[in-house]
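Dropping input-v4.cif in here (mmCIF, C-alpha atoms and all ligand atoms):
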```
data_protein
#
loop_
_atom_site.group_PDB
_atom_site.id
_atom_site.type_symbol
_atom_site.label_atom_id
_atom_site.label_comp_id
_atom_site.auth_asym_id
_atom_site.auth_seq_id
_atom_site.Cartn_x
_atom_site.Cartn_y
_atom_site.Cartn_z
ATOM 1 C CA MET A 24 21.450 -64.146 -96.401
ATOM 2 C CA THR A 25 20.437 -61.142 -98.507
ATOM 3 C CA GLN A 26 17.816 -58.714 -97.222
ATOM 4 C CA MET A 27 14.761 -58.895 -99.489
ATOM 5 C CA THR A 28 11.968 -56.407 -100.030
ATOM 6 C CA PHE A 29 8.391 -57.353 -99.139
ATOM 7 C CA ASN A 30 7.476 -57.940 -102.805
ATOM 8 C CA THR A 31 10.290 -60.410 -103.455
ATOM 9 C CA LYS A 32 9.703 -62.463 -100.316
ATOM 10 C CA THR A 33 8.025 -65.836 -100.711
ATOM 11 C CA LYS A 34 4.627 -65.694 -99.031
ATOM 12 C CA VAL A 35 4.043 -68.774 -96.887
ATOM 13 C CA ALA A 36 0.869 -70.018 -95.188
ATOM 14 C CA ILE A 37 1.099 -72.731 -92.538
ATOM 15 C CA ILE A 38 -1.950 -74.798 -91.660
ATOM 16 C CA ALA A 39 -2.096 -77.767 -89.330
ATOM 17 C CA ASN A 40 -4.621 -80.259 -88.013
ATOM 18 C CA GLY A 41 -5.453 -80.512 -84.301
ATOM 19 C CA LYS A 42 -2.884 -83.210 -83.460
ATOM 20 C CA TYR A 43 -0.399 -82.169 -80.756
ATOM 21 C CA GLN A 44 2.543 -83.144 -83.017
ATOM 22 C CA SER A 45 1.149 -81.052 -85.902
ATOM 23 C CA LYS A 46 0.593 -77.976 -83.748
ATOM 24 C CA ARG A 47 4.108 -78.262 -82.284
ATOM 25 C CA LEU A 48 5.616 -78.495 -85.768
ATOM 26 C CA ALA A 49 3.487 -75.556 -86.961
ATOM 27 C CA THR A 50 4.876 -73.433 -84.103
ATOM 28 C CA LYS A 51 8.446 -74.408 -84.998
ATOM 29 C CA LEU A 52 7.923 -73.481 -88.659
ATOM 30 C CA PHE A 53 6.081 -70.300 -87.748
ATOM 31 C CA ASN A 54 9.010 -69.145 -85.574
ATOM 32 C CA THR A 55 11.520 -70.044 -88.308
ATOM 33 C CA PHE A 56 9.695 -68.166 -91.075
ATOM 34 C CA ARG A 57 8.860 -65.190 -88.848
ATOM 35 C CA ASP A 58 12.575 -64.506 -88.417
ATOM 36 C CA ALA A 59 13.595 -65.370 -92.009
ATOM 37 C CA ASP A 60 14.611 -62.704 -94.521
ATOM 38 C CA ASP A 61 13.338 -64.543 -97.600
ATOM 39 C CA PHE A 62 9.871 -65.488 -96.384
ATOM 40 C CA TYR A 63 6.745 -63.671 -95.277
ATOM 41 C CA LEU A 64 4.025 -65.440 -93.271
ATOM 42 C CA THR A 65 0.493 -64.789 -94.485
ATOM 43 C CA LYS A 66 -2.722 -66.761 -94.947
ATOM 44 C CA LYS A 67 -3.814 -64.355 -97.726
ATOM 45 C CA ASN A 68 -2.573 -64.987 -101.291
ATOM 46 C CA PRO A 69 0.366 -67.246 -100.322
ATOM 47 C CA ASP A 70 2.850 -68.620 -102.857
ATOM 48 C CA ILE A 71 3.424 -71.749 -100.778
ATOM 49 C CA VAL A 72 0.959 -73.500 -98.471
ATOM 50 C CA ILE A 73 2.491 -75.862 -95.932
ATOM 51 C CA SER A 74 -0.044 -78.399 -94.713
ATOM 52 C CA ILE A 75 0.843 -80.304 -91.527
ATOM 53 C CA GLY A 76 -1.079 -83.463 -90.659
ATOM 54 C CA GLY A 77 -1.911 -86.063 -93.267
ATOM 55 C CA ASP A 78 -3.529 -86.491 -96.659
ATOM 56 C CA GLY A 79 -6.850 -85.434 -95.086
ATOM 57 C CA MET A 80 -5.300 -82.138 -93.998
ATOM 58 C CA LEU A 81 -3.907 -81.565 -97.485
ATOM 59 C CA LEU A 82 -7.443 -82.046 -98.853
ATOM 60 C CA SER A 83 -8.622 -79.265 -96.523
ATOM 61 C CA ALA A 84 -5.691 -77.046 -97.558
ATOM 62 C CA PHE A 85 -6.537 -77.644 -101.225
ATOM 63 C CA HIS A 86 -10.134 -76.521 -100.690
ATOM 64 C CA MET A 87 -9.022 -73.460 -98.719
ATOM 65 C CA TYR A 88 -6.910 -72.305 -101.677
ATOM 66 C CA GLU A 89 -8.700 -73.944 -104.638
ATOM 67 C CA LYS A 90 -9.465 -70.523 -106.174
ATOM 68 C CA GLN A 91 -5.735 -69.664 -106.215
ATOM 69 C CA LEU A 92 -4.366 -72.794 -107.917
ATOM 70 C CA ASP A 93 -2.564 -70.706 -110.548
ATOM 71 C CA ARG A 94 -0.241 -69.201 -107.964
ATOM 72 C CA VAL A 95 -0.157 -71.621 -105.018
ATOM 73 C CA ARG A 96 2.212 -74.536 -104.580
ATOM 74 C CA PHE A 97 1.533 -76.970 -101.741
ATOM 75 C CA VAL A 98 3.905 -78.833 -99.434
ATOM 76 C CA GLY A 99 2.601 -81.640 -97.242
ATOM 77 C CA ILE A 100 4.198 -82.772 -93.981
ATOM 78 C CA HIS A 101 2.816 -85.990 -92.504
ATOM 79 C CA THR A 102 2.813 -86.303 -88.721
ATOM 80 C CA GLY A 103 2.156 -90.020 -89.090
ATOM 81 C CA HIS A 104 3.030 -92.505 -91.807
ATOM 82 C CA LEU A 105 4.129 -91.674 -95.379
ATOM 83 C CA GLY A 106 1.168 -90.127 -97.216
ATOM 84 C CA PHE A 107 0.229 -89.645 -100.864
ATOM 85 C CA TYR A 108 0.107 -85.841 -100.832
ATOM 86 C CA THR A 109 2.821 -85.434 -98.194
ATOM 87 C CA ASP A 110 6.442 -85.396 -99.334
ATOM 88 C CA TYR A 111 7.889 -84.939 -95.856
ATOM 89 C CA ARG A 112 7.534 -86.716 -92.541
ATOM 90 C CA ASP A 113 7.657 -84.642 -89.340
ATOM 91 C CA PHE A 114 11.296 -85.601 -88.616
ATOM 92 C CA GLU A 115 12.321 -84.308 -92.085
ATOM 93 C CA VAL A 116 11.351 -80.701 -91.414
ATOM 94 C CA ASP A 117 14.986 -79.478 -91.533
ATOM 95 C CA THR A 118 15.359 -81.008 -95.020
ATOM 96 C CA LEU A 119 12.170 -79.216 -96.041
ATOM 97 C CA LEU A 120 13.553 -75.894 -94.796
ATOM 98 C CA GLU A 121 16.843 -76.424 -96.686
ATOM 99 C CA ASN A 122 14.851 -77.214 -99.843
ATOM 100 C CA LEU A 123 12.683 -74.132 -99.453
ATOM 101 C CA TYR A 124 15.739 -71.883 -99.016
ATOM 102 C CA THR A 125 17.148 -73.146 -102.351
ATOM 103 C CA ASP A 126 13.734 -73.334 -104.064
ATOM 104 C CA LYS A 127 13.632 -71.934 -107.615
ATOM 105 C CA GLY A 128 9.865 -72.181 -108.006
ATOM 106 C CA GLU A 129 9.821 -75.639 -109.557
ATOM 107 C CA LYS A 130 6.630 -77.610 -109.230
ATOM 108 C CA ILE A 131 5.019 -80.942 -109.913
ATOM 109 C CA SER A 132 1.359 -80.807 -110.950
ATOM 110 C CA TYR A 133 -1.477 -83.325 -110.963
ATOM 111 C CA PRO A 134 -4.960 -83.298 -112.527
ATOM 112 C CA ILE A 135 -8.056 -82.513 -110.483
ATOM 113 C CA LEU A 136 -11.742 -83.083 -111.126
ATOM 114 C CA LYS A 137 -14.392 -80.538 -112.117
ATOM 115 C CA VAL A 138 -17.935 -81.491 -111.113
ATOM 116 C CA THR A 139 -21.010 -79.623 -112.331
ATOM 117 C CA VAL A 140 -24.361 -80.442 -110.755
ATOM 118 C CA THR A 141 -27.455 -79.273 -112.644
ATOM 119 C CA LEU A 142 -30.654 -79.171 -110.579
ATOM 120 C CA SER A 143 -34.081 -79.681 -112.140
ATOM 121 C CA ASN A 144 -34.741 -75.901 -111.861
ATOM 122 C CA GLY A 145 -31.695 -75.292 -114.092
ATOM 123 C CA HIS A 146 -29.452 -74.027 -111.268
ATOM 124 C CA GLN A 147 -25.822 -75.193 -111.632
ATOM 125 C CA ILE A 148 -23.253 -75.784 -108.886
ATOM 126 C CA THR A 149 -19.608 -76.291 -109.864
ATOM 127 C CA SER A 150 -16.984 -77.793 -107.551
ATOM 128 C CA ARG A 151 -13.429 -79.071 -107.744
ATOM 129 C CA ALA A 152 -12.271 -82.335 -106.196
ATOM 130 C CA LEU A 153 -8.751 -83.471 -105.448
ATOM 131 C CA ASN A 154 -9.589 -87.097 -104.537
ATOM 132 C CA GLU A 155 -13.066 -87.859 -105.811
ATOM 133 C CA ALA A 156 -16.725 -86.933 -106.052
ATOM 134 C CA THR A 157 -19.344 -89.510 -105.114
ATOM 135 C CA VAL A 158 -23.105 -89.442 -105.524
ATOM 136 C CA LYS A 159 -25.515 -91.596 -103.522
ATOM 137 C CA ARG A 160 -29.289 -91.583 -103.208
ATOM 138 C CA ILE A 161 -30.644 -91.287 -99.687
ATOM 139 C CA GLU A 162 -34.133 -92.776 -99.783
ATOM 140 C CA LYS A 163 -33.838 -95.769 -102.079
ATOM 141 C CA THR A 164 -31.682 -97.542 -104.649
ATOM 142 C CA MET A 165 -30.045 -95.004 -106.935
ATOM 143 C CA VAL A 166 -31.128 -95.400 -110.535
ATOM 144 C CA ALA A 167 -29.142 -93.321 -112.980
ATOM 145 C CA ASP A 168 -28.016 -93.352 -116.597
ATOM 146 C CA VAL A 169 -24.266 -93.270 -117.131
ATOM 147 C CA VAL A 170 -23.301 -91.356 -120.277
ATOM 148 C CA ILE A 171 -19.655 -91.401 -121.349
ATOM 149 C CA ASN A 172 -18.716 -88.846 -123.962
ATOM 150 C CA ASP A 173 -22.308 -88.672 -125.228
ATOM 151 C CA VAL A 174 -22.602 -92.481 -125.440
ATOM 152 C CA LYS A 175 -25.560 -93.660 -123.343
ATOM 153 C CA PHE A 176 -23.515 -96.376 -121.692
ATOM 154 C CA GLU A 177 -25.611 -98.106 -119.010
ATOM 155 C CA ARG A 178 -28.464 -97.720 -116.554
ATOM 156 C CA PHE A 179 -26.934 -98.009 -113.099
ATOM 157 C CA ARG A 180 -28.827 -99.338 -110.082
ATOM 158 C CA GLY A 181 -27.137 -99.497 -106.715
ATOM 159 C CA ASP A 182 -25.821 -97.386 -103.852
ATOM 160 C CA GLY A 183 -23.947 -94.816 -105.906
ATOM 161 C CA ILE A 184 -21.054 -93.865 -108.157
ATOM 162 C CA SER A 185 -17.573 -92.510 -107.462
ATOM 163 C CA VAL A 186 -15.475 -90.565 -109.946
ATOM 164 C CA SER A 187 -11.885 -90.189 -108.807
ATOM 165 C CA THR A 188 -8.745 -88.380 -109.896
ATOM 166 C CA PRO A 189 -5.439 -90.246 -110.393
ATOM 167 C CA THR A 190 -4.175 -89.089 -106.962
ATOM 168 C CA GLY A 191 -7.550 -90.002 -105.454
ATOM 169 C CA SER A 192 -7.340 -93.504 -106.888
ATOM 170 C CA THR A 193 -5.552 -94.708 -103.722
ATOM 171 C CA ALA A 194 -8.329 -93.346 -101.472
ATOM 172 C CA TYR A 195 -12.060 -94.293 -101.512
ATOM 173 C CA ASN A 196 -11.716 -95.547 -105.093
ATOM 174 C CA LYS A 197 -9.337 -98.292 -103.939
ATOM 175 C CA SER A 198 -11.747 -99.419 -101.205
ATOM 176 C CA LEU A 199 -14.412 -99.717 -103.919
ATOM 177 C CA GLY A 200 -12.213 -102.066 -105.950
ATOM 178 C CA GLY A 201 -10.983 -99.443 -108.428
ATOM 179 C CA ALA A 202 -7.528 -99.505 -109.985
ATOM 180 C CA ILE A 203 -4.604 -97.435 -108.760
ATOM 181 C CA LEU A 204 -3.519 -94.889 -111.382
ATOM 182 C CA HIS A 205 -0.116 -93.269 -111.539
ATOM 183 C CA PRO A 206 -0.775 -89.541 -110.882
ATOM 184 C CA THR A 207 0.877 -88.460 -114.127
ATOM 185 C CA ILE A 208 -1.834 -90.259 -116.133
ATOM 186 C CA GLU A 209 -4.407 -87.608 -116.990
ATOM 187 C CA ALA A 210 -7.574 -89.612 -116.585
ATOM 188 C CA LEU A 211 -10.668 -90.020 -114.431
ATOM 189 C CA GLN A 212 -11.947 -93.263 -112.983
ATOM 190 C CA LEU A 213 -15.619 -94.173 -112.594
ATOM 191 C CA THR A 214 -16.221 -96.812 -109.924
ATOM 192 C CA GLU A 215 -19.514 -98.362 -108.926
ATOM 193 C CA ILE A 216 -20.686 -98.435 -105.305
ATOM 194 C CA SER A 217 -22.587 -101.692 -104.723
ATOM 195 C CA SER A 218 -24.285 -102.049 -108.103
ATOM 196 C CA LEU A 219 -27.266 -104.324 -108.506
ATOM 197 C CA ASN A 220 -26.335 -107.009 -110.988
ATOM 198 C CA ASN A 221 -28.658 -109.893 -111.834
ATOM 199 C CA ARG A 222 -30.625 -111.268 -114.801
ATOM 200 C CA VAL A 223 -32.719 -108.106 -114.965
ATOM 201 C CA PHE A 224 -30.340 -105.282 -114.098
ATOM 202 C CA ARG A 225 -26.888 -104.996 -115.620
ATOM 203 C CA THR A 226 -23.889 -102.708 -115.301
ATOM 204 C CA LEU A 227 -20.335 -103.185 -116.491
ATOM 205 C CA GLY A 228 -19.199 -104.098 -112.969
ATOM 206 C CA SER A 229 -15.578 -103.078 -113.396
ATOM 207 C CA SER A 230 -14.256 -99.561 -113.006
ATOM 208 C CA ILE A 231 -13.782 -97.442 -116.143
ATOM 209 C CA ILE A 232 -10.829 -95.154 -116.832
ATOM 210 C CA ILE A 233 -11.586 -92.304 -119.183
ATOM 211 C CA PRO A 234 -9.057 -89.973 -120.827
ATOM 212 C CA LYS A 235 -8.680 -86.222 -120.452
ATOM 213 C CA LYS A 236 -10.751 -85.286 -123.490
ATOM 214 C CA ASP A 237 -13.821 -87.306 -122.433
ATOM 215 C CA LYS A 238 -16.586 -86.429 -119.979
ATOM 216 C CA ILE A 239 -18.854 -88.500 -117.756
ATOM 217 C CA GLU A 240 -22.482 -87.605 -117.114
ATOM 218 C CA ILE A 241 -24.713 -89.178 -114.483
ATOM 219 C CA ILE A 242 -28.435 -88.617 -115.051
ATOM 220 C CA PRO A 243 -30.545 -89.676 -112.053
ATOM 221 C CA LYS A 244 -33.841 -91.249 -113.108
ATOM 222 C CA ARG A 245 -35.724 -90.558 -109.882
ATOM 223 C CA LEU A 246 -36.553 -87.388 -107.987
ATOM 224 C CA GLY A 247 -35.525 -87.110 -104.346
ATOM 225 C CA SER A 248 -32.485 -86.360 -102.212
ATOM 226 C CA TYR A 249 -28.977 -87.176 -103.327
ATOM 227 C CA VAL A 250 -25.820 -86.960 -101.252
ATOM 228 C CA LEU A 251 -22.855 -85.577 -103.108
ATOM 229 C CA SER A 252 -19.434 -85.930 -101.482
ATOM 230 C CA ILE A 253 -16.549 -83.823 -102.702
ATOM 231 C CA ASP A 254 -13.423 -85.152 -100.973
ATOM 232 C CA ASN A 255 -14.042 -84.584 -97.258
ATOM 233 C CA LYS A 256 -17.229 -82.502 -97.616
ATOM 234 C CA THR A 257 -20.796 -83.716 -98.060
ATOM 235 C CA TYR A 258 -23.742 -81.876 -99.611
ATOM 236 C CA THR A 259 -27.393 -82.856 -100.001
ATOM 237 C CA HIS A 260 -29.231 -81.797 -103.153
ATOM 238 C CA ARG A 261 -32.857 -82.355 -104.079
ATOM 239 C CA ASN A 262 -33.859 -83.174 -107.612
ATOM 240 C CA ILE A 263 -30.603 -83.385 -109.529
ATOM 241 C CA SER A 264 -31.122 -83.578 -113.272
ATOM 242 C CA LYS A 265 -27.461 -84.167 -114.239
ATOM 243 C CA ILE A 266 -23.927 -84.391 -112.824
ATOM 244 C CA GLU A 267 -21.042 -83.823 -115.209
ATOM 245 C CA TYR A 268 -17.445 -84.842 -114.472
ATOM 246 C CA LYS A 269 -14.407 -83.630 -116.404
ATOM 247 C CA ILE A 270 -10.721 -83.120 -115.804
ATOM 248 C CA ASP A 271 -10.416 -79.491 -114.723
ATOM 249 C CA ASN A 272 -8.331 -77.017 -116.729
ATOM 250 C CA LYS A 273 -6.423 -76.228 -113.504
ATOM 251 C CA LYS A 274 -4.096 -78.589 -111.655
ATOM 252 C CA ILE A 275 -2.831 -78.876 -108.110
ATOM 253 C CA SER A 276 0.886 -78.060 -107.854
ATOM 254 C CA PHE A 277 3.363 -79.171 -105.233
ATOM 255 C CA VAL A 278 6.788 -77.700 -104.507
ATOM 256 C CA SER A 279 9.134 -80.009 -106.386
ATOM 257 C CA THR A 280 11.263 -81.924 -103.920
ATOM 258 C CA PRO A 281 14.734 -83.277 -104.781
ATOM 259 C CA SER A 282 14.093 -86.361 -102.670
ATOM 260 C CA HIS A 283 10.565 -86.929 -104.042
ATOM 261 C CA THR A 284 9.428 -90.393 -102.914
ATOM 262 C CA SER A 285 8.418 -92.624 -105.802
ATOM 263 C CA PHE A 286 4.664 -93.130 -106.177
ATOM 264 C CA TRP A 287 5.116 -96.904 -106.165
ATOM 265 C CA GLU A 288 7.152 -96.650 -102.946
ATOM 266 C CA ARG A 289 4.204 -94.837 -101.355
ATOM 267 C CA VAL A 290 1.724 -97.429 -102.620
ATOM 268 C CA LYS A 291 3.926 -100.218 -101.275
ATOM 269 C CA ASP A 292 4.466 -98.455 -97.934
ATOM 270 C CA SER A 293 0.738 -97.797 -97.492
ATOM 271 C CA PHE A 294 -0.798 -101.049 -98.620
ATOM 272 C CA ILE A 295 1.833 -103.808 -98.691
ATOM 273 C CA GLY A 296 4.590 -102.992 -96.179
ATOM 274 C CA GLU A 297 7.857 -104.889 -95.971
ATOM 275 C CA TRP A 298 8.080 -108.419 -97.304
ATOM 276 C CA ASP A 299 10.835 -111.046 -97.576
ATOM 277 C CA SER A 300 12.032 -111.122 -101.170
HETATM 278 P P1 LIG B 401 -11.140 -89.646 -93.002
HETATM 279 O O1 LIG B 401 -12.332 -90.542 -93.142
HETATM 280 O O2 LIG B 401 -10.812 -89.086 -91.681
HETATM 281 O O3 LIG B 401 -9.800 -90.413 -93.533
HETATM 282 C C1 LIG B 401 -9.737 -91.068 -94.714
HETATM 283 C C2 LIG B 401 -8.385 -91.765 -94.856
HETATM 284 O O4 LIG B 401 -8.036 -91.691 -96.239
HETATM 285 C C3 LIG B 401 -7.219 -91.167 -94.057
HETATM 286 O O5 LIG B 401 -6.438 -92.222 -93.559
HETATM 287 C C4 LIG B 401 -6.448 -90.391 -95.119
HETATM 288 O O6 LIG B 401 -5.048 -90.337 -94.888
HETATM 289 C C5 LIG B 401 -6.696 -91.250 -96.336
HETATM 290 N N1 LIG B 401 -6.538 -90.554 -97.619
HETATM 291 C C6 LIG B 401 -6.995 -89.335 -97.985
HETATM 292 N N2 LIG B 401 -6.643 -89.089 -99.253
HETATM 293 C C7 LIG B 401 -5.959 -90.161 -99.687
HETATM 294 C C8 LIG B 401 -5.329 -90.495 -100.914
HETATM 295 N N3 LIG B 401 -5.370 -89.678 -101.960
HETATM 296 N N4 LIG B 401 -4.741 -91.708 -101.019
HETATM 297 C C9 LIG B 401 -4.707 -92.564 -99.978
HETATM 298 N N5 LIG B 401 -5.270 -92.313 -98.788
HETATM 299 C C10 LIG B 401 -5.894 -91.114 -98.655
HETATM 300 O O7 LIG B 401 -11.383 -88.460 -94.051
HETATM 301 P P2 LIG B 401 -10.404 -87.356 -94.591
HETATM 302 O O8 LIG B 401 -9.049 -87.526 -93.978
HETATM 303 O O9 LIG B 401 -11.093 -86.065 -94.491
HETATM 304 O O10 LIG B 401 -10.326 -87.802 -96.123
HETATM 305 C C11 LIG B 401 -11.447 -87.767 -96.971
HETATM 306 C C12 LIG B 401 -11.270 -88.906 -97.924
HETATM 307 O O11 LIG B 401 -11.590 -90.105 -97.258
HETATM 308 C C13 LIG B 401 -12.189 -88.903 -99.115
HETATM 309 O O12 LIG B 401 -11.689 -88.090 -100.159
HETATM 310 C C14 LIG B 401 -12.219 -90.369 -99.498
HETATM 311 O O13 LIG B 401 -11.255 -90.672 -100.489
HETATM 312 C C15 LIG B 401 -11.823 -91.079 -98.226
HETATM 313 N N6 LIG B 401 -12.888 -92.009 -97.840
HETATM 314 C C16 LIG B 401 -12.615 -93.321 -97.875
HETATM 315 C C17 LIG B 401 -13.590 -94.244 -97.601
HETATM 316 C C18 LIG B 401 -13.261 -95.697 -97.672
HETATM 317 O O14 LIG B 401 -12.113 -96.025 -97.984
HETATM 318 N N7 LIG B 401 -14.233 -96.569 -97.455
HETATM 319 C C19 LIG B 401 -14.883 -93.830 -97.266
HETATM 320 C C20 LIG B 401 -15.133 -92.462 -97.244
HETATM 321 C C21 LIG B 401 -14.128 -91.545 -97.540
HETATM 322 P P3 LIG B 401 -4.362 -89.505 -93.727
HETATM 323 O O15 LIG B 401 -4.440 -90.388 -92.521
HETATM 324 O O16 LIG B 401 -2.973 -89.322 -94.217
HETATM 325 O O17 LIG B 401 -5.103 -88.216 -93.550
#
```
Using structure tokens, write down the structure that the file contains.
Amino acid sequence: MTQMTFNTKTKVAIIANGKYQSKRLATKLFNTFRDADDFYLTKKNPDIVISIGGDGMLLSAFHMYEKQLDRVRFVGIHTGHLGFYTDYRDFEVDTLLENLYTDKGEKISYPILKVTVTLSNGHQITSRALNEATVKRIEKTMVADVVINDVKFERFRGDGISVSTPTGSTAYNKSLGGAILHPTIEALQLTEISSLNNRVFRTLGSSIIIPKKDKIEIIPKRLGSYVLSIDNKTYTHRNISKIEYKIDNKKISFVSTPSHTSFWERVKDSFIGEWDS
């Protein structure tokens, strides 16, 4: 192996959840990279972030480095079943190391969501979501206008609304009855959470998939507290005047893996399992 200077070394950050298996694997990787000529371990400005745990851990890793998406590529190792953001299982760590040693910087990128909340005092809060952003009203039924690309589409009444990314479509969105989207489709999906539908109140009822160029706006019709969830984090805001959802101009990138598991294989493994054909 050739001796590299500090500047040419690949900077690697390793983060793991609290599971015993994850911590053990993190120690193994840490020891390997500490002694490697081509890599430099650092949590600051890494080129590659290795997340050990599950899809939930990868969500946390994404938020830790969401301001550095231009430079960071992620690698997920699952210490359980096959995940959606995790290309490697814990017993495949040697394959991962071989792939990283021959890595040429190739990546595979997926769209993420940009959410802008405008409060009634004009203050704006912008966030990025990898899976989805949901809004729910705390006190009573949420009443909100849904505007899609400036078309006043419907008045929603119910528990809340989820807007998910393609990679988030297999998460909460699926539990809500939304469709699964292949992650290369650049689109957002709006899914209702327990809408009120009767002779008086009406919503579309099915989920809506909107393309990259379009935006979704949710305009709450009542004052009060709203709970906004961005992936695995929850925030409470009072008096929201508008929430805007768009596909962000940045993407999440993963280290391209020669043995990349097909998306449909992951969907089958997670939700169907083996069956007798
Ligand atoms: P959690 O409640 O501890 O776990 C949520 C589960 O969702 C975990 O099994 C996780 O997989 C899985 N998951 C995460 N992202 C996924 C994806 N893109 N596709 C398929 N499964 C995925 O919370 P967490 O681990 O911090 O994850 C937060 C996410 O939970 C939210 O973004 C939301 O999508 C999801 N959620 C789902 C529901 C529901 O289905 N009713 C309700 C609330 C939140 P791992 O085991 O691999 O980590």
Around all of ligand LIG 401 (chain B)'s listed atoms, make the axis-aligned box with 5 Å on each side and tell me centre and edge lengths in Å to one decimal, as JSON.
```
{"center_x": -9.1, "center_y": -91.3, "center_z": -96.8, "size_x": 22.2, "size_y": 20.5, "size_z": 20.3}
```
Expected answer as a ChimeraX atom specification: residues within 6 Å of ligand LIG 401 (chain B), only C-alpha atoms and all ligand atoms: /A:77-79,106-107,154-155,190-191,193-195,198,254-255
Output C-alpha atoms of each residue in that selection to a file, as a PDB file, keeping the file's coordinate frame.
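Printed below is out.pdb as written:
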```pdb
ATOM      1  CA  GLY A  77      -1.911 -86.063 -93.267  1.00  0.00           C
ATOM      2  CA  ASP A  78      -3.529 -86.491 -96.659  1.00  0.00           C
ATOM      3  CA  GLY A  79      -6.850 -85.434 -95.086  1.00  0.00           C
ATOM      4  CA  GLY A 106       1.168 -90.127 -97.216  1.00  0.00           C
ATOM      5  CA  PHE A 107       0.229 -89.645-100.864  1.00  0.00           C
ATOM      6  CA  ASN A 154      -9.589 -87.097-104.537  1.00  0.00           C
ATOM      7  CA  GLU A 155     -13.066 -87.859-105.811  1.00  0.00           C
ATOM      8  CA  THR A 190      -4.175 -89.089-106.962  1.00  0.00           C
ATOM      9  CA  GLY A 191      -7.550 -90.002-105.454  1.00  0.00           C
ATOM     10  CA  THR A 193      -5.552 -94.708-103.722  1.00  0.00           C
ATOM     11  CA  ALA A 194      -8.329 -93.346-101.472  1.00  0.00           C
ATOM     12  CA  TYR A 195     -12.060 -94.293-101.512  1.00  0.00           C
ATOM     13  CA  SER A 198     -11.747 -99.419-101.205  1.00  0.00           C
ATOM     14  CA  ASP A 254     -13.423 -85.152-100.973  1.00  0.00           C
ATOM     15  CA  ASN A 255     -14.042 -84.584 -97.258  1.00  0.00           C
TER      16      ASN A 255
END
```
Residue contacts of Gly296 in chain A (12 Å, only C-alpha atoms) excluding same-chain residues fewer than 6 positions away, as a list of chain:residue names: A:His104, A:Leu105, A:Trp287, A:Glu288, A:Arg289, A:Val290
Residue nearest Thr259 in chain A among A:Arg47, A:Lys159, A:Lys244, A:Lys32 (counting all atoms listed in the file):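 Counting all atoms listed in the file, the residue closest to Thr259 in chain A is A:Lys159.
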Which residues come within 6 Å of range 132-134 of chain A, counting only C-alpha atoms, excluding same-chain residues fewer than 2 positions away, as an mmCIF file with C-alpha atoms, in the frame of the given file?
```cif
data_model
loop_
_atom_site.group_PDB
_atom_site.id
_atom_site.type_symbol
_atom_site.label_atom_id
_atom_site.label_comp_id
_atom_site.auth_asym_id
_atom_site.auth_seq_id
_atom_site.Cartn_x
_atom_site.Cartn_y
_atom_site.Cartn_z
ATOM 1 C CA LYS A 274 -4.096 -78.589 -111.655
ATOM 2 C CA ILE A 275 -2.831 -78.876 -108.110
ATOM 3 C CA SER A 276 0.886 -78.060 -107.854
#
```
Residue IDs satisfying the PyMOL selection byres (((chain A and resi 100) around 12) and not hetatm), as number ranges by chain: A: 37-40, 44-46, 48-49, 52, 72-81, 84, 97-99, 101-120, 277-278
Residue contacts of Tyr258 in chain A (10 Å, only C-alpha atoms) excluding same-chain residues fewer than 6 positions away, as a ChimeraX atom specification: /A:158,249-252
Picked residues, the PyMOL selection byres (((chain A and resi 171) around 8) and not hetatm), as a list in words: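 Output from the PyMOL selection byres (((chain A and resi 171) around 8) and not hetatm), applied to this file: Val169, Val170, Asn172, Asp173, Val174, Lys175, Phe176, Asp237, Lys238, Ile239 and Glu240 of chain A.
Comparing A:Thr164, A:Thr226, A:Ser264, A:Thr188 by their smallest distance to His146 in chain A, the closest is A:Ser264 (using all atoms listed in the file).
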The PyMOL selection byres (((chain A and resi 200) around 9) and not hetatm) applied to the shown file, residues as a PyMOL selection string: chain A and resi 195-199+201-202+214-215+229-230
Option closest in space to Ser285 in chain A, from A:His205, A:Phe53, A:Ala167, A:Ile148 [counting all atoms listed in the file]: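 Ranked by minimum distance to Ser285 in chain A, first place goes to A:His205.
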Point-to-point distance in Å for CA of Ile253 in chain A and CA of Lys66 in chain A: 23.3 Å
Distance of CA of Ser293 in chain A from CA of Thr157 in chain A, expressed in Å to one decimal place: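 So the answer is 23.0 Å.
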Between CA of Val186 in chain A and CA of Met87 in chain A, distance in Å (one decimal):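 Going from CA of Val186 in chain A over to CA of Met87 in chain A covers 21.5 Å.
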Distance query range 265-268 of chain A at most 6 Å, all atoms listed in the file, self and fewer than 4 positions along chain excluded, as a list in words: Lys137, Val138, Thr139, Val140, Thr141, Lys238, Ile239, Glu240, Ile241 and Ile242 of chain A
Shortest interatomic distance to Leu211 in chain A - which of A:Lys67, A:Arg160, A:Lys269, A:Arg178, counting all atoms listed in the file: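 Of A:Lys67, A:Arg160, A:Lys269, A:Arg178, the one nearest Leu211 in chain A, counting all atoms listed in the file, is A:Lys269.
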Shell of 10 Å around Phe56 in chain A, only C-alpha atoms, local chain residues under 5 positions omitted, as JSON, numbers by chain: {"A": [34, 35, 36, 37, 50, 51, 61, 62, 63, 64, 120]}
Minimum-distance residue to Asn220 in chain A, chosen among A:Pro189, A:Ala59, A:Arg180, A:Thr280 (using all atoms listed in the file):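 Going through A:Pro189, A:Ala59, A:Arg180, A:Thr280 one by one, the smallest distance to Asn220 in chain A is for A:Arg180.
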